[in-house]
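Reading through the structure tokens given below for one structure.
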Amino acid sequence: MFGKVLNLLKSGDKESAILECREIVRSGMDNPDVLKLCADIAVQCGAYGNAVRWLQQAIKTEPDQAISYCCLGIAYVKQNMIQKAKGCFSKALVIDPNCVMAYCEMGMLFFQNGQLVASRDSFCKAVSIDGNDWRALGNLCLVLRDLGDLQEAMRVGRRAVALRPDAFQIWHNLGNVCKDMGFFQEAIKYYQTAVKIRSDNAGTYVGMGISYYCLGKIEEAVHSFKIALSCDPSEGTATCNLFNIAMMNCDWKKVDYYKKLVDRATIKSLREEKVPAETPFLNLIRSDDPALNCAVARAWSRDIDGKLAELRKSLGFKYKKNRQGRIRIGYISNNFGDHPTAHITRRLYGLHDRERFEIFCYSYGAEDNSCYRKDIKEGCNVFVDIRNISNAEAARRINDDGVDILVDLVGYMKGGRIEIAALRPAPVQVRWLGMAGTTGADFFDYLITDRIVTPENQSHFYSEKYFYLPECYQINDNRPFIEEDEICRSDFGLPEDAFVYSCFNTSYKIDADVFAVWMNILRRCQETVLWMMAHSATMKKNLRMAAKRQAVDPNRLIFAEKIPKNKHLARLSLADLVLDTISVNGAASTSDALWSGVPVLTVQGNHYASRMASSILMAAGLSDLIARNLIEYEEKAVALAQDHIKFGPVKQAMECSLQESPLFHTEQFVCNLEKGYELIWNRHLNGKAPRLIEV
């Protein structure tokens, strides 16, 4: 009876298949099983009205069949009639409380509505009834990943794929989980298996590309992102990653091309009240518009906040009123190791006044056994490794520890787990360092900053209230590890008698405009070279080609390899003047240069990321090294190289001002920070809402 229908379906003639089903129903075949089969074919053909009618007819004949209500619910879902669908699944569960299909369908509805806890519970119920239901397990893996319970997501995902090795979605989900856990090689294997089953899913190639990128396999990453775009030209994450790679490689033609695509997609998403594909961090390094930075960050944070609202409520955190005891400060980061954040904060934790504060560090970064991680561990009261626990478990630990003020040091930077803060484990939550901008999140109360990087007239572009420190937002280590062996320029391929300009900022910060100015400077000052960090062979090749196009000998660009921080600080002293990047300044790299005795020249920009060096130079008493624009920047750079009489006093003045300036007074910085912590904590104890505070 259904042979002809199935053949029509197989040939793609859906219209004829539906006509044949109608004929079967009209001919008196009102058997419920026949009606359900016709309805199933109708759903496959998109004839949802027919499916609903035939299922309703089947239910009239056999009103006690849970499966019929499930099928009817699915037909309603296809028509976006969600309330009717829920009613059908609920009815199915009344008839059969152990109906796995109903729990699974309800689970998907909850998931699509952002009700992650309810979704998880539905799939867990399905699995408890039938532990071999691979669909329930596969979907549970999906939900657990969004809840940040990656270990459990991996466990159930592997169970699912063992039951159904040809299920594309489960392999894809497992790839995503491994990627999130930082197991990139394993993630690629899962994605490759998924691609063998289904080769047209853009998201799989995106995940594969990100994994390749994190392993430093840039060519493979680019190839994966381009395949993703061939599958779906609107795949925004692939475009954003290609844009980021182009920036890292200083491939400015591609930067311009992808930037237009990213900007167009972001504006469209914001207008449609959707979450842009680009991250808040990518947005602030490509745009100095604080309004746009804020809009992108708010979209991301609202999405996270909404997805976790149910979980946050279920956790039901209570906060202890710590009125007389020591204030408990919790710092959370994935960079408690050999990383710029740890380099500058290494001494912070141990310098806190233990009579007034208890210090907790929550780490979700790898154990690198570095001296920085060792000092941080020894400097705090409690160091907790939360890498292998879920976001909910991490938040519960923070809350159980009675943390009063939680300080997030990452934001939307690489590998960040901002979702932990979104669960509100602490009564007062603060953002500092890491991402140079707003999170746009209601779950952060304050941003530790200063009046230069975040002027008061820009406060409406920040969701957090300003926590102003008196001189500079950035802490610096006045006892860094420095290599004491004698070094000379020839050790690093530098000419002994040249004036050495340098820039050790990350390559994505080097844009076409500032590089053109650098080349102008080199053309005007012949006995000079430019010393930069070599981030990749492609970056070096592109910059040398760009120099040649601008009539500068490419050999005047000298590239340095990455070396341990103590050796790097020593070699920095071989430079004469640092030329800062403009759209995104050097932060730790700026204070590193100053500590090594090298002046830094910058331009003050329009947003946090382009004003960081200005803040550092002002705190160092070196305001003369802050230019108003690129023209003034170029003139200052040329004058300092050409006029040795003028340059000598600049270095002398810098050495004197650094000794007297607050920039490297780490102990005083910590005292000021503690005063601020006490101010915001007392406001909370007195029931007052967060507001701008100034130390």
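Going through the structure tokens in order, the chains are called A, B, and so on, while each chain numbers its residues from 1 and the ligands are numbered from 1 in the order shown.
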**OP:** Give me every helix (DSSP H, G or I) residue in region 423-622 of chain A, going by DSSP on the backbone, as a PyMOL selection string.
**Re:** chain A and resi 456-461+489-492+507-509+512-524+537-549+554-556+565-572+588-595+608-610+612-619
Original post:
Nearest to Ala619 (chain A) among A:Ile510, A:Phe647, A:Phe499, A:Pro470, with distances taken over only C-alpha atoms: which residue is it?
Top reply: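 Checking each candidate against Ala619 (chain A), we get A:Pro470 as the closest.
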**OP:** Return the single residue from A:Gly330, A:Gln185, A:Ala395, A:Arg356 that is closest to Cys380 (chain A), with distances computed using only C-alpha atoms.
**Re:**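 That would be A:Gly330, the residue with the smallest distance to Cys380 (chain A).
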**OP:** Write out as number ranges by chain the residues lying within 7 Å of Arg431 (chain A), counting only C-alpha atoms and excluding same-chain residues fewer than 2 positions away.
**Re:** A: 407-409, 444, 446-448
**OP:** Go through A:Met154, A:Cys141, A:Leu147, A:Ile626 one by one, measure the shortest atom-to-atom distance of each to Leu311 (chain A) using only C-alpha atoms, and give the residue with the smallest value.
**Re:** A:Leu147
Subject >> Near-Gly411 (chain A) list (7 Å; only C-alpha atoms; drop same-chain fewer than 4 positions) as a list in words >> reply: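 Returned residues: Gly416, Ile418, Gly434, Met435 and Thr439 of chain A.
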